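Trainee: My questions will all concern the structure given below.
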Amino acid sequence: MISSRLISKLAAADSVAVFTGAGISAESGVPTFRGDDGIWKKFKPAELANFDSFMRNPELVWEWYKARRKVITSTQPNPGHVALAEMEKRYRKFAIITQNIDNLHRRAGSKTVYELHGNIERNYCVGCGKPYDDASMLEQATAPRCPSCNGLIRPDVVWFGELLPMDEWNQSAKAAARADIFFAVGTSAIVYPAASLPAMAKEAGAYVVEINVERTDLSPIADEVLLGRSGEILPQILMHCPQEANA
Ligand code: BV8
Ligand code: ZN
């Protein structure tokens, strides 16, 4: 499965970046977006994951995120997340660049995680920007309001038509540009600007490795496509990583 070329690259690499999508959390029981039980099969992103819909019908959007938060917080990181948390210790420069809002990389112990599309466990007031992360308040039936300015409280995720968090984006672009190996794991790579990162890494000379149960729009630019479940492939790749970071 893992080529001798990748094995030698893993041994020699100084900087590794891993770009992840919903597929890495599928084995934890978090529904993907475009899979058969995909979120976008049931709900149209344009109807729910955008600011105007939220302001038009905050209860509906809040209910949706509450349902997703309930699923997500009842799941555990899987061997794919755990392997990446361990892999971070084997390289001097290592970064996870995720589109996932499920916080599972951090819960697996990963330290350097750039959340391009936010985190479902964080919330803030659209009026005064005050953060609200205590779960009890979030369990309220309707869309909660900010006690200090009465503004609506929203999940700290990036909706369609919204800009990505600048710092996360800049750090991600830097990690992609300096990567010796760039892994793209469990993503259909069609949501932009996140989906432009693999090409940026390739452009900068990275060895691009795709891990997915099927080929995607990314496969043509990948140097290597490993077809299979990330929860099985990532632990195998870890076995070929240096025991500790090169000095
Ligand atoms: C923006 C958070 C500036 C919320 C999300 C350029 C071209 C075309 C369109 C655009 C463009 N630039 C901007 C756009 C518009 C838009 C966009 O990209 N639209 C797409 C649909 C074409 N982008 C935006 O709006 C972005 N903002 O550009 O702002 C701007 C402002 C004004 C006007 C213009 C521009 C913001 C996008 C962020 C949206 N928020 N999530 C929430 O989650 O509720 S996106 C969300 O969907 C995820 O975060 C993720 O990014 C995406 C889902 O993709 P994946 O994670 O890859 O999941 P998917 O199900 O698709 O695929 C899973 C894969 O895993 C599959 O390939 C499957 O085979 C594989 N798999 C399954 N099981 C396994 C597995 N692999 C391995 N192992 C397994 N076990
Ligand atoms: Zn407020």
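Naming works like this for the structure tokens: A, B, ... for the chains as they're shown, residue 1 at the start of each chain, ligands 1 onward in shown order.
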Please check which protein, DNA or RNA residues sit within 8 Å of ligand 1, counting only C-alpha atoms and all ligand atoms, and write them as a VMD selection string.

Mentor: chain A and resid 20 to 27 31 to 35 38 to 39 45 48 to 49 65 98 to 101 116 to 118 157 to 164 185 to 195 211 to 216 227 to 231

Trainee: Would you please give, as a PDB file with C-alpha atoms, in the first residue's frame, all residues of stretch 15-234 of chain A that DSSP assigns to helix (DSSP H, G or I) based on the backbone?

Mentor:
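Listed below is the output, out-v3.pdb:
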ATOM      1  CA  GLY A  23     -13.931  12.000   5.856  1.00  0.00           C
ATOM      2  CA  ILE A  24     -11.395  11.751   8.707  1.00  0.00           C
ATOM      3  CA  SER A  25     -14.266  11.966  11.223  1.00  0.00           C
ATOM      4  CA  ALA A  26     -16.572   9.545   9.394  1.00  0.00           C
ATOM      5  CA  ILE A  39     -25.531  16.563   5.776  1.00  0.00           C
ATOM      6  CA  TRP A  40     -25.944  18.332   2.438  1.00  0.00           C
ATOM      7  CA  LYS A  41     -28.246  15.516   1.274  1.00  0.00           C
ATOM      8  CA  LYS A  42     -30.788  16.532   3.927  1.00  0.00           C
ATOM      9  CA  PRO A  45     -26.072  24.786   2.717  1.00  0.00           C
ATOM     10  CA  ALA A  46     -27.625  27.887   1.182  1.00  0.00           C
ATOM     11  CA  GLU A  47     -30.622  27.464   3.503  1.00  0.00           C
ATOM     12  CA  LEU A  48     -28.763  26.922   6.747  1.00  0.00           C
ATOM     13  CA  PHE A  51     -25.738  34.555   7.744  1.00  0.00           C
ATOM     14  CA  ASP A  52     -28.905  35.786   6.030  1.00  0.00           C
ATOM     15  CA  SER A  53     -30.769  32.550   6.795  1.00  0.00           C
ATOM     16  CA  PHE A  54     -29.639  32.817  10.402  1.00  0.00           C
ATOM     17  CA  MET A  55     -30.918  36.382  10.751  1.00  0.00           C
ATOM     18  CA  ARG A  56     -34.153  35.419   8.931  1.00  0.00           C
ATOM     19  CA  PRO A  58     -32.308  31.973  13.947  1.00  0.00           C
ATOM     20  CA  GLU A  59     -34.372  29.241  15.649  1.00  0.00           C
ATOM     21  CA  LEU A  60     -34.140  26.942  12.607  1.00  0.00           C
ATOM     22  CA  VAL A  61     -30.359  27.416  12.180  1.00  0.00           C
ATOM     23  CA  TRP A  62     -29.782  27.146  15.938  1.00  0.00           C
ATOM     24  CA  GLU A  63     -31.775  23.876  16.089  1.00  0.00           C
ATOM     25  CA  TRP A  64     -29.613  22.508  13.287  1.00  0.00           C
ATOM     26  CA  TYR A  65     -26.326  23.339  15.002  1.00  0.00           C
ATOM     27  CA  LYS A  66     -27.652  22.046  18.312  1.00  0.00           C
ATOM     28  CA  ALA A  67     -28.435  18.687  16.622  1.00  0.00           C
ATOM     29  CA  ARG A  68     -24.983  18.547  15.040  1.00  0.00           C
ATOM     30  CA  ARG A  69     -23.287  19.574  18.313  1.00  0.00           C
ATOM     31  CA  LYS A  70     -25.129  16.753  20.105  1.00  0.00           C
ATOM     32  CA  VAL A  71     -23.849  14.159  17.596  1.00  0.00           C
ATOM     33  CA  ILE A  72     -20.328  15.592  17.541  1.00  0.00           C
ATOM     34  CA  THR A  73     -19.873  15.843  21.319  1.00  0.00           C
ATOM     35  CA  PRO A  79      -7.330   5.960  15.111  1.00  0.00           C
ATOM     36  CA  GLY A  80      -6.862   8.454  12.239  1.00  0.00           C
ATOM     37  CA  HIS A  81      -7.037  11.465  14.584  1.00  0.00           C
ATOM     38  CA  VAL A  82      -4.872   9.663  17.159  1.00  0.00           C
ATOM     39  CA  ALA A  83      -2.176   8.756  14.594  1.00  0.00           C
ATOM     40  CA  LEU A  84      -1.894  12.410  13.547  1.00  0.00           C
ATOM     41  CA  ALA A  85      -1.550  13.548  17.161  1.00  0.00           C
ATOM     42  CA  GLU A  86       1.378  11.135  17.526  1.00  0.00           C
ATOM     43  CA  MET A  87       2.839  12.047  14.110  1.00  0.00           C
ATOM     44  CA  GLU A  88       3.099  15.688  15.288  1.00  0.00           C
ATOM     45  CA  LYS A  89       5.821  14.601  17.750  1.00  0.00           C
ATOM     46  CA  ARG A  90       7.909  13.031  14.988  1.00  0.00           C
ATOM     47  CA  LEU A 104     -11.827  15.992  17.231  1.00  0.00           C
ATOM     48  CA  HIS A 105      -8.205  16.736  16.297  1.00  0.00           C
ATOM     49  CA  ARG A 106      -7.706  18.684  19.521  1.00  0.00           C
ATOM     50  CA  ARG A 107      -9.567  16.062  21.521  1.00  0.00           C
ATOM     51  CA  ALA A 135     -22.719  24.308  26.951  1.00  0.00           C
ATOM     52  CA  SER A 136     -25.637  24.747  29.428  1.00  0.00           C
ATOM     53  CA  MET A 137     -26.660  28.032  27.871  1.00  0.00           C
ATOM     54  CA  LEU A 138     -26.419  26.441  24.469  1.00  0.00           C
ATOM     55  CA  MET A 166      -7.358  35.656   8.732  1.00  0.00           C
ATOM     56  CA  ASP A 167      -4.777  34.246  11.155  1.00  0.00           C
ATOM     57  CA  GLU A 168      -5.836  30.634  10.594  1.00  0.00           C
ATOM     58  CA  TRP A 169      -5.691  31.190   6.829  1.00  0.00           C
ATOM     59  CA  ASN A 170      -2.261  32.825   6.869  1.00  0.00           C
ATOM     60  CA  GLN A 171      -0.802  30.117   9.119  1.00  0.00           C
ATOM     61  CA  SER A 172      -2.328  27.428   6.871  1.00  0.00           C
ATOM     62  CA  ALA A 173      -0.965  29.002   3.676  1.00  0.00           C
ATOM     63  CA  LYS A 174       2.488  29.210   5.340  1.00  0.00           C
ATOM     64  CA  ALA A 175       2.372  25.566   6.474  1.00  0.00           C
ATOM     65  CA  ALA A 176       1.303  24.462   2.964  1.00  0.00           C
ATOM     66  CA  ALA A 177       4.076  26.482   1.281  1.00  0.00           C
ATOM     67  CA  ARG A 178       6.842  25.060   3.494  1.00  0.00           C
ATOM     68  CA  ALA A 194      -9.595  25.934   1.546  1.00  0.00           C
ATOM     69  CA  ALA A 195      -9.527  23.667  -1.527  1.00  0.00           C
ATOM     70  CA  SER A 196      -6.777  25.792  -3.099  1.00  0.00           C
ATOM     71  CA  LEU A 197      -4.241  24.745  -0.425  1.00  0.00           C
ATOM     72  CA  PRO A 198      -3.168  21.394  -1.988  1.00  0.00           C
ATOM     73  CA  ALA A 199      -2.293  23.157  -5.268  1.00  0.00           C
ATOM     74  CA  MET A 200      -0.408  25.837  -3.295  1.00  0.00           C
ATOM     75  CA  ALA A 201       1.633  23.126  -1.556  1.00  0.00           C
ATOM     76  CA  LYS A 202       2.291  21.314  -4.833  1.00  0.00           C
ATOM     77  CA  GLU A 203       3.341  24.615  -6.434  1.00  0.00           C
ATOM     78  CA  SER A 219      -6.402  13.043  -7.305  1.00  0.00           C
ATOM     79  CA  PRO A 220      -4.944  14.394 -10.589  1.00  0.00           C
ATOM     80  CA  ILE A 221      -2.534  16.722  -8.737  1.00  0.00           C
ATOM     81  CA  SER A 230      -8.043   7.138   6.938  1.00  0.00           C
ATOM     82  CA  GLY A 231      -8.532   5.379  10.293  1.00  0.00           C
ATOM     83  CA  GLU A 232      -6.663   2.379   8.843  1.00  0.00           C
ATOM     84  CA  ILE A 233      -4.114   4.105   6.571  1.00  0.00           C
ATOM     85  CA  LEU A 234      -2.828   6.841   8.931  1.00  0.00           C
TER      86      LEU A 234
END

Trainee: Could you give me, as CSV, a per-residue list for chain A showing, wherever an atom lies at most 9 Å from an atom of ligand 2, the closest pair of atoms and their distance in Å to one decimal, using only C-alpha atoms and all ligand atoms and sorting by chain then residue number from low to high?

Mentor:
residue,atom,partner,partner_atom_place_in_ligand_line,distance
A:Tyr124,CA,ligand 2,1 (Zn),7.8
A:Cys125,CA,ligand 2,1 (Zn),4.6
A:Val126,CA,ligand 2,1 (Zn),6.5
A:Gly127,CA,ligand 2,1 (Zn),4.6
A:Cys128,CA,ligand 2,1 (Zn),3.9
A:Gly129,CA,ligand 2,1 (Zn),5.9
A:Lys130,CA,ligand 2,1 (Zn),5.6
A:Pro131,CA,ligand 2,1 (Zn),8.7
A:Arg145,CA,ligand 2,1 (Zn),7.6
A:Cys146,CA,ligand 2,1 (Zn),4.6
A:Pro147,CA,ligand 2,1 (Zn),6.8
A:Ser148,CA,ligand 2,1 (Zn),5.4
A:Cys149,CA,ligand 2,1 (Zn),4.2
A:Asn150,CA,ligand 2,1 (Zn),5.8
A:Gly151,CA,ligand 2,1 (Zn),4.8
A:Leu152,CA,ligand 2,1 (Zn),7.3
A:Ile153,CA,ligand 2,1 (Zn),7.6

Trainee: Write the residues of the preceding selection, restricted to N, CA and C atoms, as a CSV table (one decimal), in the first residue's frame.

Mentor:
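New file part-v4.csv:
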chain,number,residue,atom,x,y,z
A,124,TYR,N,-20.5,33.2,19.6
A,124,TYR,CA,-20.3,34.6,20.0
A,124,TYR,C,-21.5,35.4,19.6
A,125,CYS,N,-21.6,36.6,20.2
A,125,CYS,CA,-22.7,37.5,20.0
A,125,CYS,C,-22.5,38.2,18.7
A,126,VAL,N,-23.5,38.2,17.8
A,126,VAL,CA,-23.4,39.0,16.5
A,126,VAL,C,-23.4,40.5,16.8
A,127,GLY,N,-23.9,40.9,18.0
A,127,GLY,CA,-24.0,42.3,18.3
A,127,GLY,C,-22.7,42.9,18.8
A,128,CYS,N,-22.2,42.3,19.9
A,128,CYS,CA,-21.0,42.9,20.5
A,128,CYS,C,-19.8,41.9,20.4
A,129,GLY,N,-19.9,40.7,19.8
A,129,GLY,CA,-18.8,39.8,19.6
A,129,GLY,C,-18.4,39.1,20.8
A,130,LYS,N,-19.1,39.2,21.9
A,130,LYS,CA,-18.7,38.5,23.2
A,130,LYS,C,-18.8,37.0,23.0
A,131,PRO,N,-17.8,36.3,23.4
A,131,PRO,CA,-17.8,34.8,23.2
A,131,PRO,C,-18.7,34.1,24.3
A,145,ARG,N,-29.9,34.8,23.3
A,145,ARG,CA,-29.5,36.2,23.1
A,145,ARG,C,-28.5,36.6,24.1
A,146,CYS,N,-27.7,37.6,23.8
A,146,CYS,CA,-26.6,38.1,24.6
A,146,CYS,C,-27.2,39.0,25.7
A,147,PRO,N,-26.9,38.6,27.0
A,147,PRO,CA,-27.4,39.4,28.2
A,147,PRO,C,-26.9,40.8,28.1
A,148,SER,N,-25.8,41.1,27.6
A,148,SER,CA,-25.3,42.5,27.6
A,148,SER,C,-25.9,43.4,26.5
A,149,CYS,N,-26.0,42.8,25.3
A,149,CYS,CA,-26.5,43.8,24.2
A,149,CYS,C,-27.8,43.2,23.5
A,150,ASN,N,-28.3,42.1,24.0
A,150,ASN,CA,-29.4,41.4,23.4
A,150,ASN,C,-29.3,41.0,22.0
A,151,GLY,N,-28.0,40.9,21.5
A,151,GLY,CA,-27.7,40.5,20.2
A,151,GLY,C,-27.9,39.0,20.1
A,152,LEU,N,-28.1,38.4,18.9
A,152,LEU,CA,-28.3,37.0,18.7
A,152,LEU,C,-26.9,36.3,18.9
A,153,ILE,N,-26.8,35.1,19.5
A,153,ILE,CA,-25.6,34.4,19.7
A,153,ILE,C,-25.5,33.4,18.6

Trainee: I'd like to know which of A:Glu244, A:Asp14, A:Glu139, A:Asp102 is closest to A:Glu115, using only C-alpha atoms.

Mentor: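 Distance minimum relative to A:Glu115 lands on A:Asp102.
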
Trainee: Figure out the distance between atom CA of A:Ser28 and atom CA of A:Leu238, please, to one decimal in Å.

Mentor: 19.3 Å

Trainee: DSSP on the backbone: which residues in stretch 22-140 of chain A end up as strand (DSSP E)? Give the answer as an MDAnalysis selection string.

Mentor: chainID A and resid 93:98 113:115 118:125

Trainee: Near A:Lys93, counting only C-alpha atoms, which residues have an atom at most 10 Å away, once you skip same-chain residues fewer than 6 positions from it, shown as a compact mmCIF listing (two decimals) with C-alpha atoms, in the first residue's frame?

Mentor:
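What ended up in around12.txt:
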# COMPACT_ATOMS: atom_id res chain seq x y z
CA ALA A 13 10.95 15.19 5.79
CA ASP A 14 11.44 18.16 8.10
CA SER A 15 8.03 19.80 7.58
CA VAL A 16 4.68 17.99 7.21
CA ALA A 17 1.18 19.48 6.75
CA THR A 112 -1.02 22.73 16.03
CA ALA A 175 2.37 25.57 6.47
CA ARG A 178 6.84 25.06 3.49
CA ALA A 179 5.63 21.44 3.58
CA ASP A 180 7.95 18.65 2.33
CA ALA A 245 11.78 14.84 15.32
CA ASN A 246 15.10 15.32 13.46

Trainee: Could you state the separation of atom CA of A:Ser110 and atom CA of A:His240 in Å, given to one decimal place?

Mentor: 19.0 Å

Trainee: Interatomic distance between atom CA of A:Gly29 and atom CA of A:Val209?

Mentor: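 Rounded to one decimal, the two atoms are 24.3 Å apart.
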
Trainee: Between A:Asn57, A:Ile96, A:Cys241, A:Ala108, which residue has the minimum interatomic distance to A:Pro77, considering only C-alpha atoms?

Mentor: A:Ala108
